[in-house]
Structure formats: C-alpha cells, structure tokens
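As provided, data-v6.txt (compact mmCIF, C-alpha atoms (C1' of nucleotides)) reads as follows.
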# COMPACT_ATOMS: atom_id res chain seq x y z
CA MET A 104 17.43 -38.60 -142.46
CA THR A 105 19.01 -41.81 -143.46
CA GLN A 106 16.29 -43.47 -145.50
CA ARG A 107 13.42 -42.23 -147.59
CA ALA A 108 9.88 -42.85 -146.38
CA ASP A 109 8.93 -45.14 -149.26
CA ALA A 110 12.07 -47.17 -148.71
CA ARG A 111 11.24 -47.66 -145.06
CA ARG A 112 7.69 -48.63 -145.94
CA ASN A 113 8.82 -51.13 -148.57
CA GLN A 114 11.36 -52.70 -146.27
CA GLN A 115 8.69 -53.36 -143.67
CA ALA A 116 6.31 -54.67 -146.33
CA LEU A 117 9.03 -57.06 -147.45
CA LEU A 118 9.64 -58.34 -143.94
CA ASP A 119 5.92 -58.95 -143.44
CA ALA A 120 5.57 -60.59 -146.84
CA ALA A 121 8.62 -62.79 -146.32
CA ALA A 122 7.37 -63.97 -142.93
CA GLU A 123 4.06 -64.91 -144.52
CA VAL A 124 5.52 -66.59 -147.58
CA PHE A 125 8.10 -68.48 -145.50
CA VAL A 126 5.27 -70.07 -143.56
CA ARG A 127 3.34 -70.88 -146.72
CA SER A 128 6.17 -72.09 -148.94
CA GLY A 129 9.23 -72.50 -146.75
CA VAL A 130 12.31 -70.31 -146.50
CA ASP A 131 13.36 -71.25 -150.01
CA ALA A 132 10.25 -69.75 -151.61
CA PRO A 133 10.81 -67.98 -154.95
CA VAL A 134 12.00 -64.39 -154.64
CA ARG A 135 9.27 -63.33 -157.06
CA ASP A 136 6.58 -64.62 -154.70
CA ILE A 137 7.91 -62.57 -151.85
CA ALA A 138 8.19 -59.45 -153.98
CA ALA A 139 4.69 -59.93 -155.36
CA THR A 140 3.22 -60.50 -151.90
CA ALA A 141 4.88 -57.32 -150.71
CA GLY A 142 3.66 -55.51 -153.79
CA VAL A 143 7.12 -54.43 -154.90
CA GLY A 144 9.37 -55.14 -157.87
CA MET A 145 12.34 -57.47 -158.09
CA GLY A 146 14.82 -54.65 -157.81
CA THR A 147 13.43 -53.49 -154.51
CA ILE A 148 13.85 -56.77 -152.72
CA TYR A 149 17.46 -57.10 -153.81
CA ARG A 150 18.17 -53.51 -152.88
CA HIS A 151 16.96 -54.04 -149.33
CA PHE A 152 18.16 -57.62 -148.89
CA PRO A 153 20.97 -58.43 -151.34
CA THR A 154 21.05 -62.08 -150.27
CA ARG A 155 18.41 -64.46 -149.06
CA ALA A 156 20.41 -64.99 -145.91
CA GLU A 157 20.04 -61.34 -144.98
CA LEU A 158 16.28 -61.48 -145.48
CA ILE A 159 15.94 -64.60 -143.37
CA ILE A 160 18.06 -63.11 -140.61
CA ALA A 161 15.96 -59.97 -140.59
CA VAL A 162 12.73 -61.96 -140.44
CA TYR A 163 13.82 -64.13 -137.53
CA ARG A 164 16.06 -61.72 -135.64
CA HIS A 165 13.52 -61.11 -132.89
CA GLN A 166 13.00 -64.78 -132.19
CA VAL A 167 16.71 -65.53 -132.13
CA GLU A 168 17.22 -62.65 -129.70
CA ALA A 169 14.44 -63.93 -127.49
CA CYS A 170 16.01 -67.37 -127.43
CA ALA A 171 19.42 -65.97 -126.60
CA GLU A 172 18.03 -63.84 -123.79
CA ALA A 173 16.18 -66.79 -122.28
CA GLY A 174 19.46 -68.60 -121.55
CA PRO A 175 20.63 -66.64 -118.50
CA ARG A 176 17.06 -66.50 -117.19
CA LEU A 177 16.72 -70.29 -117.28
CA LEU A 178 20.13 -70.77 -115.75
CA ALA A 179 19.15 -68.56 -112.82
CA ALA A 180 15.92 -70.44 -112.22
CA ASP A 181 16.97 -74.07 -112.44
CA PRO A 182 19.85 -76.49 -111.93
CA PRO A 183 22.28 -76.20 -114.86
CA LEU A 184 21.37 -79.43 -116.65
CA VAL A 185 17.65 -78.72 -116.38
CA ALA A 186 18.23 -75.20 -117.65
CA LEU A 187 20.30 -76.54 -120.53
CA GLY A 188 17.59 -79.00 -121.44
CA ARG A 189 14.90 -76.34 -121.35
CA TRP A 190 16.96 -73.93 -123.41
CA ILE A 191 17.73 -76.56 -126.02
CA ASP A 192 14.01 -77.31 -126.17
CA LEU A 193 13.36 -73.64 -126.85
CA PHE A 194 15.88 -73.64 -129.67
CA ALA A 195 14.48 -76.86 -131.10
CA ASP A 196 10.94 -75.50 -131.00
CA PHE A 197 12.07 -72.49 -132.95
CA LEU A 198 13.73 -74.58 -135.65
CA VAL A 199 11.07 -77.26 -135.95
CA THR A 200 8.43 -74.66 -136.73
CA LYS A 201 10.52 -73.14 -139.52
CA HIS A 202 10.25 -75.62 -142.32
CA GLY A 203 13.50 -75.93 -144.19
CA LEU A 204 15.44 -73.40 -142.15
CA ALA A 205 17.73 -75.93 -140.56
CA GLY A 206 18.17 -77.62 -143.90
CA LEU A 207 19.34 -74.42 -145.53
CA MET A 208 22.03 -73.83 -142.94
CA GLN A 209 24.21 -76.56 -144.32
CA SER A 210 24.59 -74.90 -147.70
CA ASP A 211 27.74 -72.88 -148.17
CA ASP A 212 25.73 -70.15 -149.85
CA PHE A 213 24.09 -69.38 -146.55
CA ARG A 214 27.19 -69.03 -144.44
CA PRO A 215 26.09 -65.58 -143.13
CA LEU A 216 22.85 -67.09 -141.87
CA HIS A 217 24.70 -69.91 -140.22
CA GLU A 218 27.14 -67.46 -138.69
CA TYR A 219 24.51 -65.13 -137.34
CA PHE A 220 22.66 -67.91 -135.57
CA LEU A 221 25.78 -69.46 -134.14
CA ASP A 222 27.49 -66.22 -133.18
CA ARG A 223 24.43 -65.22 -131.25
CA LEU A 224 23.57 -68.54 -129.63
CA VAL A 225 26.86 -70.37 -129.08
CA PRO A 226 27.99 -68.07 -126.25
CA VAL A 227 24.68 -68.61 -124.48
CA CYS A 228 24.97 -72.35 -124.93
CA THR A 229 28.55 -72.26 -123.74
CA SER A 230 27.58 -70.65 -120.45
CA LEU A 231 24.89 -73.27 -119.88
CA LEU A 232 27.27 -76.06 -120.76
CA ASP A 233 30.00 -74.68 -118.54
CA ALA A 234 27.62 -74.38 -115.62
CA ALA A 235 26.46 -77.95 -116.05
CA ALA A 236 30.06 -79.16 -116.30
CA ALA A 237 31.03 -77.18 -113.20
CA ALA A 238 28.15 -78.79 -111.32
CA GLY A 239 29.40 -82.19 -112.44
CA GLU A 240 26.14 -82.87 -114.24
CA ILE A 241 27.73 -83.62 -117.60
CA GLN A 242 30.94 -85.18 -118.81
CA GLY A 243 32.84 -85.07 -122.04
CA ASP A 244 34.25 -82.16 -123.94
CA LEU A 245 31.61 -81.46 -126.53
CA THR A 246 31.72 -77.84 -127.64
CA ALA A 247 28.66 -75.63 -127.64
CA TYR A 248 29.24 -75.15 -131.35
CA GLU A 249 28.94 -78.85 -132.01
CA LEU A 250 25.93 -79.21 -129.76
CA MET A 251 24.11 -76.39 -131.51
CA ARG A 252 24.83 -77.80 -134.92
CA GLY A 253 23.83 -81.26 -133.81
CA VAL A 254 20.53 -80.03 -132.44
CA GLY A 255 19.99 -77.92 -135.55
CA ASN A 256 20.51 -80.95 -137.73
CA LEU A 257 18.22 -83.15 -135.67
CA CYS A 258 15.43 -80.63 -136.18
CA ILE A 259 15.39 -81.10 -139.95
CA GLY A 260 12.26 -82.67 -141.38
CA SER A 261 10.32 -83.28 -138.18
CA ASP A 262 6.99 -84.95 -138.93
CA ASP A 263 4.53 -87.62 -137.77
CA ARG A 264 7.02 -90.45 -137.83
CA TYR A 265 10.12 -88.52 -136.85
CA ASP A 266 9.83 -86.57 -133.63
CA ALA A 267 12.85 -84.29 -133.71
CA ARG A 268 12.30 -83.10 -130.15
CA ARG A 269 12.56 -86.65 -128.86
CA LEU A 270 15.89 -87.13 -130.61
CA VAL A 271 17.12 -83.85 -129.20
CA ARG A 272 16.25 -84.98 -125.69
CA LEU A 273 18.08 -88.22 -126.34
CA LEU A 274 21.16 -86.34 -127.45
CA VAL A 275 21.10 -84.25 -124.29
CA SER A 276 20.79 -87.48 -122.32
CA GLY A 277 23.96 -88.62 -123.99
CA LEU A 278 25.66 -85.52 -122.67
CA ALA A 279 24.98 -86.64 -119.14
CA ALA A 280 26.25 -90.16 -119.77
CA PRO A 281 28.85 -90.18 -122.49
CA ARG A 282 30.18 -93.71 -121.99
CA PRO A 283 27.56 -96.20 -123.17
CA ALA A 284 29.48 -99.47 -123.09
CA SER A 285 31.19 -99.18 -119.73
CA PRO A 286 29.37 -99.72 -116.41
CA MET B 121 17.38 -109.63 -175.07
CA THR B 122 16.08 -106.99 -172.80
CA GLN B 123 18.30 -104.04 -173.60
CA ARG B 124 20.35 -102.92 -176.56
CA ALA B 125 24.14 -102.97 -176.31
CA ASP B 126 24.56 -99.20 -176.61
CA ALA B 127 21.93 -98.67 -173.96
CA ARG B 128 23.77 -100.95 -171.57
CA ARG B 129 27.02 -99.19 -172.30
CA ASN B 130 25.53 -95.75 -171.77
CA GLN B 131 23.88 -96.77 -168.52
CA GLN B 132 27.21 -97.91 -167.14
CA ALA B 133 28.91 -94.76 -168.41
CA LEU B 134 26.28 -92.71 -166.61
CA LEU B 135 26.76 -94.56 -163.35
CA ASP B 136 30.53 -94.04 -163.54
CA ALA B 137 30.14 -90.38 -164.51
CA ALA B 138 27.60 -89.73 -161.76
CA ALA B 139 29.82 -91.29 -159.13
CA GLU B 140 32.68 -89.07 -160.26
CA VAL B 141 30.64 -85.87 -160.50
CA PHE B 142 28.92 -86.52 -157.16
CA VAL B 143 32.33 -86.55 -155.52
CA ARG B 144 33.43 -83.42 -157.36
CA SER B 145 30.26 -81.34 -157.07
CA GLY B 146 27.95 -83.11 -154.64
CA VAL B 147 24.84 -85.15 -155.34
CA ASP B 148 22.99 -82.06 -156.52
CA ALA B 149 25.36 -81.44 -159.42
CA PRO B 150 23.72 -80.21 -162.64
CA VAL B 151 22.30 -82.96 -164.82
CA ARG B 152 24.14 -81.48 -167.78
CA ASP B 153 27.48 -82.02 -166.07
CA ILE B 154 26.77 -85.67 -165.50
CA ALA B 155 25.58 -86.17 -169.06
CA ALA B 156 28.61 -84.36 -170.46
CA THR B 157 31.01 -86.36 -168.28
CA ALA B 158 29.40 -89.56 -169.50
CA GLY B 159 29.54 -88.31 -173.06
CA VAL B 160 25.81 -88.66 -173.66
CA GLY B 161 22.94 -86.27 -174.37
CA MET B 162 20.31 -84.98 -171.97
CA GLY B 163 17.70 -87.38 -173.28
CA THR B 164 19.79 -90.41 -172.47
CA ILE B 165 20.24 -89.65 -168.82
CA TYR B 166 16.53 -89.08 -168.31
CA ARG B 167 15.68 -92.23 -170.24
CA HIS B 168 17.86 -94.37 -167.97
CA PHE B 169 17.21 -92.50 -164.73
CA PRO B 170 13.96 -90.52 -164.91
CA THR B 171 14.56 -88.91 -161.53
CA ARG B 172 17.67 -87.88 -159.69
CA ALA B 173 16.65 -90.13 -156.83
CA GLU B 174 16.86 -93.17 -159.07
CA LEU B 175 20.32 -92.23 -160.26
CA ILE B 176 21.57 -91.69 -156.72
CA ILE B 177 20.09 -94.99 -155.59
CA ALA B 178 21.76 -96.82 -158.47
CA VAL B 179 25.11 -95.20 -157.72
CA TYR B 180 25.08 -96.09 -154.04
CA ARG B 181 23.14 -99.34 -154.09
CA HIS B 182 26.21 -101.51 -153.50
CA GLN B 183 27.31 -99.54 -150.48
CA VAL B 184 23.86 -99.56 -148.94
CA GLU B 185 23.65 -103.30 -149.45
CA ALA B 186 27.04 -103.78 -147.86
CA CYS B 187 25.94 -101.77 -144.85
CA ALA B 188 22.72 -103.72 -144.52
CA GLU B 189 24.54 -107.03 -144.73
CA ALA B 190 27.05 -106.00 -142.09
CA GLY B 191 24.31 -105.77 -139.45
CA PRO B 192 23.74 -109.47 -138.72
CA ARG B 193 27.47 -110.11 -138.94
CA LEU B 194 28.23 -107.51 -136.28
CA LEU B 195 25.42 -108.76 -134.10
CA ALA B 196 26.84 -112.28 -134.21
CA ALA B 197 30.32 -111.11 -133.28
CA ASP B 198 29.70 -108.67 -130.44
CA PRO B 199 27.35 -107.81 -127.58
CA PRO B 200 24.22 -106.09 -128.94
CA LEU B 201 25.02 -102.54 -127.88
CA VAL B 202 28.57 -102.77 -129.20
CA ALA B 203 27.26 -104.21 -132.46
CA LEU B 204 24.69 -101.43 -132.69
CA GLY B 205 27.36 -98.80 -132.11
CA ARG B 206 29.62 -100.29 -134.76
CA TRP B 207 26.85 -100.59 -137.27
CA ILE B 208 25.73 -97.00 -136.71
CA ASP B 209 29.35 -95.96 -137.22
CA LEU B 210 29.36 -97.77 -140.53
CA PHE B 211 26.23 -95.98 -141.59
CA ALA B 212 27.56 -92.62 -140.45
CA ASP B 213 30.83 -93.16 -142.32
CA PHE B 214 28.88 -93.81 -145.47
CA LEU B 215 26.84 -90.63 -145.14
CA VAL B 216 29.61 -88.33 -144.02
CA THR B 217 31.65 -89.11 -147.12
CA LYS B 218 28.72 -88.28 -149.42
CA HIS B 219 28.55 -84.54 -149.36
CA GLY B 220 24.99 -83.34 -149.46
CA LEU B 221 23.36 -86.77 -149.58
CA ALA B 222 21.86 -86.57 -146.11
CA GLY B 223 20.77 -83.01 -146.82
CA LEU B 224 18.86 -84.08 -149.90
CA MET B 225 16.92 -86.73 -148.02
CA GLN B 226 14.77 -84.17 -146.25
CA SER B 227 13.34 -82.79 -149.48
CA ASP B 228 9.95 -84.16 -150.43
CA ASP B 229 11.10 -84.45 -154.04
CA PHE B 230 13.46 -87.22 -153.01
CA ARG B 231 10.99 -89.39 -151.17
CA PRO B 232 11.99 -92.49 -153.23
CA LEU B 233 15.61 -92.03 -152.17
CA HIS B 234 14.60 -91.64 -148.57
CA GLU B 235 12.37 -94.69 -148.84
CA TYR B 236 14.96 -96.90 -150.43
CA PHE B 237 17.52 -96.17 -147.75
CA LEU B 238 15.09 -96.60 -144.91
CA ASP B 239 13.33 -99.67 -146.28
CA ARG B 240 16.65 -101.39 -146.64
CA LEU B 241 18.26 -100.29 -143.39
CA VAL B 242 15.47 -99.90 -140.85
CA PRO B 243 14.86 -103.66 -140.53
CA VAL B 244 18.55 -104.21 -139.89
CA CYS B 245 18.59 -101.46 -137.31
CA THR B 246 15.46 -102.85 -135.72
CA SER B 247 17.04 -106.23 -135.16
CA LEU B 248 20.08 -104.61 -133.54
CA LEU B 249 17.89 -102.41 -131.39
CA ASP B 250 15.69 -105.31 -130.35
CA ALA B 251 18.70 -107.39 -129.41
CA ALA B 252 20.10 -104.59 -127.29
CA ALA B 253 16.74 -104.05 -125.62
CA ALA B 254 16.39 -107.77 -124.95
CA ALA B 255 19.81 -107.77 -123.35
CA GLY B 256 18.74 -104.86 -121.18
CA GLU B 257 21.48 -102.67 -122.62
CA ILE B 258 19.20 -99.86 -123.70
CA GLN B 259 15.98 -98.32 -122.45
CA GLY B 260 13.30 -96.21 -124.04
CA ASP B 261 11.13 -96.91 -127.01
CA LEU B 262 12.89 -95.09 -129.79
CA THR B 263 12.07 -96.65 -133.14
CA ALA B 264 14.73 -97.73 -135.58
CA TYR B 265 13.16 -95.35 -138.06
CA GLU B 266 13.71 -92.38 -135.80
CA LEU B 267 17.21 -93.46 -134.92
CA MET B 268 18.17 -93.79 -138.57
CA ARG B 269 16.76 -90.41 -139.42
CA GLY B 270 18.43 -88.83 -136.44
CA VAL B 271 21.80 -90.28 -137.37
CA GLY B 272 21.24 -89.29 -140.99
CA ASN B 273 20.55 -85.73 -139.95
CA LEU B 274 23.53 -85.55 -137.62
CA CYS B 275 25.77 -86.47 -140.54
CA ILE B 276 24.89 -83.35 -142.51
CA GLY B 277 27.70 -80.90 -143.05
CA SER B 278 30.46 -82.63 -141.13
CA ASP B 279 33.65 -80.57 -141.23
CA ASP B 280 36.63 -79.41 -139.17
CA ARG B 281 34.59 -77.81 -136.43
CA TYR B 282 31.63 -80.17 -136.47
CA ASP B 283 32.51 -83.82 -136.01
CA ALA B 284 29.32 -85.60 -136.97
CA ARG B 285 30.63 -88.98 -135.80
CA ARG B 286 31.13 -87.63 -132.32
CA LEU B 287 27.54 -86.42 -132.17
CA VAL B 288 26.35 -89.78 -133.42
CA ARG B 289 28.24 -91.54 -130.66
CA LEU B 290 26.70 -89.16 -128.17
CA LEU B 291 23.23 -89.93 -129.45
CA VAL B 292 23.87 -93.65 -129.09
CA SER B 293 25.07 -92.96 -125.54
CA GLY B 294 21.72 -91.36 -124.88
CA LEU B 295 20.07 -94.58 -125.97
CA ALA B 296 21.80 -96.43 -123.17
CA ALA B 297 20.89 -93.81 -120.57
CA PRO B 298 17.67 -92.04 -121.47
CA ARG B 299 17.14 -90.32 -118.15
CA PRO B 300 19.70 -87.57 -117.78
CA ALA B 301 18.63 -85.99 -114.52
CA SER B 302 18.26 -89.11 -112.39
CA PRO B 303 21.26 -90.98 -110.93
C1' DT C 193 7.08 -25.22 -157.91
C1' DG C 194 11.17 -27.26 -159.60
C1' DC C 195 15.31 -29.88 -158.88
C1' DT C 196 18.22 -33.76 -157.53
C1' DA C 197 19.31 -37.84 -155.51
C1' DA C 198 17.25 -41.86 -153.83
C1' DA C 199 14.40 -45.55 -154.83
C1' DC C 200 11.55 -48.17 -157.83
C1' DG C 201 9.95 -51.66 -161.35
C1' DG C 202 10.36 -54.98 -164.42
C1' DA C 203 12.61 -56.41 -168.66
C1' DA C 204 16.45 -59.15 -169.76
C1' DC C 205 20.02 -62.52 -169.06
C1' DA C 206 21.99 -66.84 -166.92
C1' DT C 207 21.40 -71.32 -164.94
C1' DT C 208 19.21 -75.50 -164.49
C1' DG C 209 15.48 -79.13 -164.70
C1' DC C 210 12.94 -81.56 -167.92
C1' DT C 211 10.50 -82.80 -172.45
C1' DC C 212 9.97 -83.84 -177.22
C1' DC C 213 10.89 -85.28 -181.71
C1' DG C 214 13.79 -85.87 -185.80
C1' DT C 215 17.77 -88.85 -186.45
C1' DA C 216 20.96 -92.64 -185.81
C1' DT C 217 21.94 -97.24 -184.44
C1' DC C 218 21.22 -101.98 -183.15
C1' DG C 219 19.60 -106.51 -183.94
C1' DT C 220 16.96 -109.38 -186.78
C1' DT C 221 15.30 -111.47 -190.78
C1' DA C 222 15.06 -112.56 -195.57
C1' DT D 256 24.68 -109.03 -196.55
C1' DA D 257 21.09 -105.79 -197.20
C1' DA D 258 17.06 -103.89 -195.65
C1' DC D 259 13.80 -102.96 -192.11
C1' DG D 260 11.58 -101.94 -187.75
C1' DA D 261 12.14 -101.07 -183.07
C1' DT D 262 15.02 -99.10 -179.81
C1' DA D 263 17.84 -95.54 -178.24
C1' DC D 264 20.12 -91.17 -178.92
C1' DG D 265 21.07 -86.06 -178.98
C1' DG D 266 20.26 -81.65 -178.21
C1' DA D 267 17.16 -77.84 -179.13
C1' DG D 268 13.60 -75.71 -176.65
C1' DC D 269 10.49 -74.51 -172.84
C1' DA D 270 9.64 -73.38 -167.97
C1' DA D 271 11.07 -71.88 -163.45
C1' DT D 272 14.02 -69.17 -160.81
C1' DG D 273 18.03 -66.18 -159.32
C1' DT D 274 20.18 -61.88 -160.35
C1' DT D 275 21.42 -57.60 -162.67
C1' DC D 276 20.74 -53.25 -164.98
C1' DC D 277 18.85 -49.06 -166.41
C1' DG D 278 15.09 -45.92 -167.75
C1' DT D 279 11.42 -43.94 -164.91
C1' DT D 280 9.23 -42.29 -160.77
C1' DT D 281 9.04 -40.07 -156.41
C1' DA D 282 10.37 -38.13 -151.90
C1' DG D 283 12.51 -34.40 -149.72
C1' DC D 284 14.35 -29.95 -150.04
C1' DA D 285 15.26 -25.26 -151.61
Just give me the structure of the file as structure tokens.
Amino acid sequence: MTQRADARRNQQALLDAAAEVFVRSGVDAPVRDIAATAGVGMGTIYRHFPTRAELIIAVYRHQVEACAEAGPRLLAADPPLVALGRWIDLFADFLVTKHGLAGLMQSDDFRPLHEYFLDRLVPVCTSLLDAAAAAGEIQGDLTAYELMRGVGNLCIGSDDRYDARRLVRLLVSGLAAPRPASP
Amino acid sequence: MTQRADARRNQQALLDAAAEVFVRSGVDAPVRDIAATAGVGMGTIYRHFPTRAELIIAVYRHQVEACAEAGPRLLAADPPLVALGRWIDLFADFLVTKHGLAGLMQSDDFRPLHEYFLDRLVPVCTSLLDAAAAAGEIQGDLTAYELMRGVGNLCIGSDDRYDARRLVRLLVSGLAAPRPASP
DNA sequence: TGCTAAACGGAACATTGCTCCGTATCGTTA
DNA sequence: TAACGATACGGAGCAATGTTCCGTTTAGCA
C-alpha cells in the first residue's frame, strides 16, 4: 500500500472542493476556503498539494488531456487549417470558462502550471501547425509555443464587451495572411 | 493656495519613487516599499493616492497622453492601415516595457486603471480603425475596444520565447484578412 | 489489543493592504 | 515674530492570507 485510506479520501475531497471553489471564487481563492470546503485542516492541503500550481494542475488534468487528445482526431477529420482553428477554439473555450486561470499563468510563481500546460499542448499544436504549413495554408514562422501563449493571453478577462473567442479567431486569420500591407 | 508645500513635495517624491520601484519590482510592488523609497510614511501615500490604480495612472499619465496624441499625427502621415499598425506598435511598446501592467488590468479591483487607459485610447483607435475601414483596407466589425484589450492581453509576459510584438502584428494582419479559409 | 508510522488539524508566524489618530508642520494673522 | 488653526504626516495596529510546525489522532499491522 502506498497511501493510507484517509489520505486518499482527503485528497479526493480536496480536488472536489477546489473544483467547486475555483468556480465560485476563481483559481486564486484563499487556501483556507478550499480546506474548509473539503472539511480538512490547513496542514492537509499543503501536504497533498504543496503549491497552488500543483492543485490547479490536478483539478484540470482531465480537461487538458482531453484537449490534447482531440488534436490528432481533428487533424484526421478536417483540412489542417480548419482542424487548427477548431482545436484552438477548444483550447480557448477551456480557458475562457476558467476565470483567472490564464491570468495566473503569467506569474513566475506559477511556472510549473505554465510548464504543464505548454508541455502537454505545444506538441499537439505543433503537429497541427506543421500540417497546415505543409498544405500551404499558412505562412510565417510563428512557433506553436508563441501561438499557445498568445491565445492564452487573449482569453484573459472575456466578458460582455470583450469577446475573447472573436479575437482568437482573428489571430488565427492572421496566421493565414501574415502580410497585411502588401497586396 | 490649494496644497501645502510639503504635500506637493511628497506627492512628487512618491511619483518618482513609484516609477523607480515599478521598474524594479513591477507595478504590484508592496506599498511599504514605495513609501520607504519616497521617504514618507504609510499614511502619506494613501492620502495622495487612495488606490493603487490612481498611483499607476499618475505615474504613466504622460506616456498614455503621448500615445494618444501620436494617433492623429500618424494618420496624417501614412495610409490608414500603416498608421494603425504603427500606432498599435507604439501602444504595445509601452505595455511590454511595464512588467505586470497589462496583467493587472484584468483584475476587477483595477477598474479605474482599465477605464482610464481605455477612455483615453479607444477614441484614438476608433478613428484609425474607421479610416482604415473607409479606405477599404480592413474588413470585419471588430470594435476599437476589443482590439485594444486584445493587444493589451497579448503584451502580457513578453520574454525571450514569447515575442508579444510579433503576436500583435499577427493580430493586426488578421484585421486585414478576416476570412482565413477562403482565397 | 497494542504499537508505530502516517496523516491530521490548527495555532502561530510572516507578509501585505489599509485605517486611524496623536503629533508635527505650514501658512496666516495679529 | 509669535501664536494659532488647519493641513499633512508617520507609523502603530488590524485584517486577510500564505505557509510552517508540532502535538495529537488514526489507520494498518502484528
């Protein structure tokens, strides 16, 4: 046995509580709130998730995996640029619904979070980008890393007056036509 | 007289100190640091600048004004889309060099900051956008508000591997060609 | 049932934002 | 120039939050 039963139970309770509190108060909700919602003490949360980044990663791991796995599927079903657009939409949908997640990424304190997301998704994005480039559907030499970060940034603070998804689509348009001022 | 001499002196000292500390530690530097650098007490900083947003606005007011005033000048000197591109570059340069400024904007606590920037710059951007649309150089109905926010977001966390300016240029490209999948 | 190691809980400390009030200083007026 | 009132100052103190530490509890095993 690698973990005691109560430890396993508490870890799951923390994941559930964090998911709930993140929706209610954003991913920067007070640690005490999460612990209280899970019905555990302060020590327990830090024992299971020493940093906030680790907790966030654990909470969203499934969704990130799902997004990553969708990439090849989309690429098989559609022309590369369409697939890229659809996949980026998927990623944007994920971020837009997580208030404050994208905003947190910029902070140096959350490097592990940043790294997990990018390590998992950049390769997928690269394959989509490469396919589109090979098909001659996009120009320019933008890296998948930059595209992911750009899309991530655009998704910050989406609301009534700022439709992040629209900006993301515009950015992808730019990929297909990178020279604005020349005919 | 509207303000005592020591008050005037301290206000200027605070502006100088804030500018210095913002460069050293970002715009979210501890209030105590700024007060200490200025050589004043906690009370004084809050008396002159009740909220952080007001302090930040005061520190950067000149630069925002300069950017706003550059708009019409650029529009007079170049074709609309070129002028728009140059002006956006100016704006991006301003943000990229202010570590954390763009990141702060998203927070609800800094609404006044957000509002000041947008109230001052959106009209300028609108005139550039309208001119470009009138000249048939761009399509789509993106608002200046959305464009400014998009550019602001893209400028978060620029570093070695993420060239925010490049993403901004790409976004502007998208403005000129909003339909990626059609020839 | 009793033992040990794992896990727990929450008090305590550090940091930071912000307020409040006794004190000091400025500018004016006699 | 001396005294006075209004203005401004300083920093202690409170509240919120992150993080650590250790005495206590409990699960699993013999």
Exercise for review: Please identify every residue of chain B that has at least one atom no more than 6 Å from any atom of chain A, counting all atoms listed in the file, and report them as a count of residues only.
Suggested key: 14
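Between CA of Thr157 (chain B) and CA of Leu175 (chain B) lies a distance of 14.6 Å.
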Practice item. Write out as a VMD selection string each polymer residue whose atoms come within 10 Å of region 266-282 of chain D, counting all atoms listed in the file; drop sequence neighbours fewer than 5 positions from it. Key: (chain A and resid 107 to 110 132 to 135 145 to 146 149 153) or (chain B and resid 161 to 163) or (chain C and resid 197 to 201 203 to 212)
Review point. Rounded to one decimal in Å, what is the spacing between C1' of DT196 (chain C) and CA of Asn113 (chain A)?
Key: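 Taking C1' of DT196 (chain C) as the start and CA of Asn113 (chain A) as the end point, the length is 21.7 Å.
With CA of Val167 (chain A) on one side and CA of Asp136 (chain A) on the other, the separation reads 24.8 Å.
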As JSON, please: the centre and edge lengths in Å, to one decimal, of an axis-aligned box enclosing every listed atom of region 195-212 of chain C with 6 Å added on each side.
{"center_x": 16.0, "center_y": -56.9, "center_z": -165.5, "size_x": 24.0, "size_y": 66.0, "size_z": 35.4}
Distance cut-off 8 Å, counting only C-alpha atoms (C1' of nucleotides) - which residues of chain D neighbour chain B? Return them as a PDB file with C-alpha atoms (C1' of nucleotides), in the coordinates of the input.
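Result file iface-v3.pdb:
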ATOM      1  C1'  DT D 262      15.020 -99.100-179.810  1.00  0.00           C
ATOM      2  C1'  DA D 263      17.840 -95.540-178.240  1.00  0.00           C
ATOM      3  C1'  DC D 264      20.120 -91.170-178.920  1.00  0.00           C
ATOM      4  C1'  DG D 265      21.070 -86.060-178.980  1.00  0.00           C
ATOM      5  C1'  DG D 266      20.260 -81.650-178.210  1.00  0.00           C
TER       6       DG D 266
END
Review point. Between A:Val227, A:Ala235, A:Leu117, A:Ile160, which is the closest to Ala247 (chain A) once you count only C-alpha atoms?
Key: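 Nearest to Ala247 (chain A): A:Val227.
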List the spatial neighbours of Ala137 (chain B) as a JSON list (two decimals) with C-alpha atoms, in the frame of the given file - criterion: any atom at most 9 Å away, only C-alpha atoms (C1' of nucleotides), same-chain residues fewer than 5 positions off excluded.
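Result written to selection-v4.json:
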[["chain", "number", "residue", "atom", "x", "y", "z"],
["B", 132, "GLN", "CA", 27.21, -97.91, -167.14],
["B", 142, "PHE", "CA", 28.92, -86.52, -157.16],
["B", 153, "ASP", "CA", 27.48, -82.02, -166.07],
["B", 154, "ILE", "CA", 26.77, -85.67, -165.50],
["B", 155, "ALA", "CA", 25.58, -86.17, -169.06],
["B", 156, "ALA", "CA", 28.61, -84.36, -170.46],
["B", 157, "THR", "CA", 31.01, -86.36, -168.28],
["B", 158, "ALA", "CA", 29.40, -89.56, -169.50],
["B", 159, "GLY", "CA", 29.54, -88.31, -173.06]]
Check your understanding: DA222 (chain C): which residues within 12 Å, counting only C-alpha atoms (C1' of nucleotides), same-chain residues fewer than 6 positions away excluded, as a PyMOL selection string?
Key -> chain D and resi 256-259
May I have the residues from that selection written out with C-alpha atoms (C1' of nucleotides), as an mmCIF file, keeping the file's coordinate frame?
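Once written, out-v4.cif looks like this:
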data_model
loop_
_atom_site.group_PDB
_atom_site.id
_atom_site.type_symbol
_atom_site.label_atom_id
_atom_site.label_comp_id
_atom_site.auth_asym_id
_atom_site.auth_seq_id
_atom_site.Cartn_x
_atom_site.Cartn_y
_atom_site.Cartn_z
ATOM 1 C "C1'" DT D 256 24.680 -109.030 -196.550
ATOM 2 C "C1'" DA D 257 21.090 -105.790 -197.200
ATOM 3 C "C1'" DA D 258 17.060 -103.890 -195.650
ATOM 4 C "C1'" DC D 259 13.800 -102.960 -192.110
#
Practice item. Identify, on the basis of all atoms listed in the file, every residue whose closest approach to DC195 (chain C) does not exceed 12 Å; exclude the query and any residue fewer than 5 positions from it along the same chain; express the result as number ranges by chain. Key: D: 282-285
Working from the structure I just supplied, which lacks atoms in region 283-292 of chain B, can you model N, CA and C atoms there and output them as a CSV table (one decimal), in the coordinates of the input?
chain,number,residue,atom,x,y,z
B,283,ASP,N,32.2,-82.4,-135.8
B,283,ASP,CA,32.5,-83.8,-136.0
B,283,ASP,C,31.2,-84.6,-135.9
B,284,ALA,N,30.6,-84.9,-137.0
B,284,ALA,CA,29.3,-85.6,-137.0
B,284,ALA,C,29.4,-86.9,-136.2
B,285,ARG,N,30.5,-87.7,-136.4
B,285,ARG,CA,30.6,-89.0,-135.8
B,285,ARG,C,30.6,-88.9,-134.3
B,286,ARG,N,31.2,-87.8,-133.8
B,286,ARG,CA,31.1,-87.6,-132.3
B,286,ARG,C,29.7,-87.4,-131.8
B,287,LEU,N,28.9,-86.6,-132.5
B,287,LEU,CA,27.5,-86.4,-132.2
B,287,LEU,C,26.7,-87.7,-132.3
B,288,VAL,N,27.1,-88.5,-133.3
B,288,VAL,CA,26.4,-89.8,-133.4
B,288,VAL,C,26.6,-90.7,-132.2
B,289,ARG,N,27.9,-90.7,-131.8
B,289,ARG,CA,28.2,-91.5,-130.7
B,289,ARG,C,27.5,-91.0,-129.4
B,290,LEU,N,27.4,-89.7,-129.3
B,290,LEU,CA,26.7,-89.2,-128.2
B,290,LEU,C,25.2,-89.6,-128.2
B,291,LEU,N,24.6,-89.5,-129.3
B,291,LEU,CA,23.2,-89.9,-129.4
B,291,LEU,C,23.1,-91.4,-129.0
B,292,VAL,N,23.9,-92.2,-129.5
B,292,VAL,CA,23.9,-93.6,-129.1
B,292,VAL,C,24.1,-93.8,-127.6
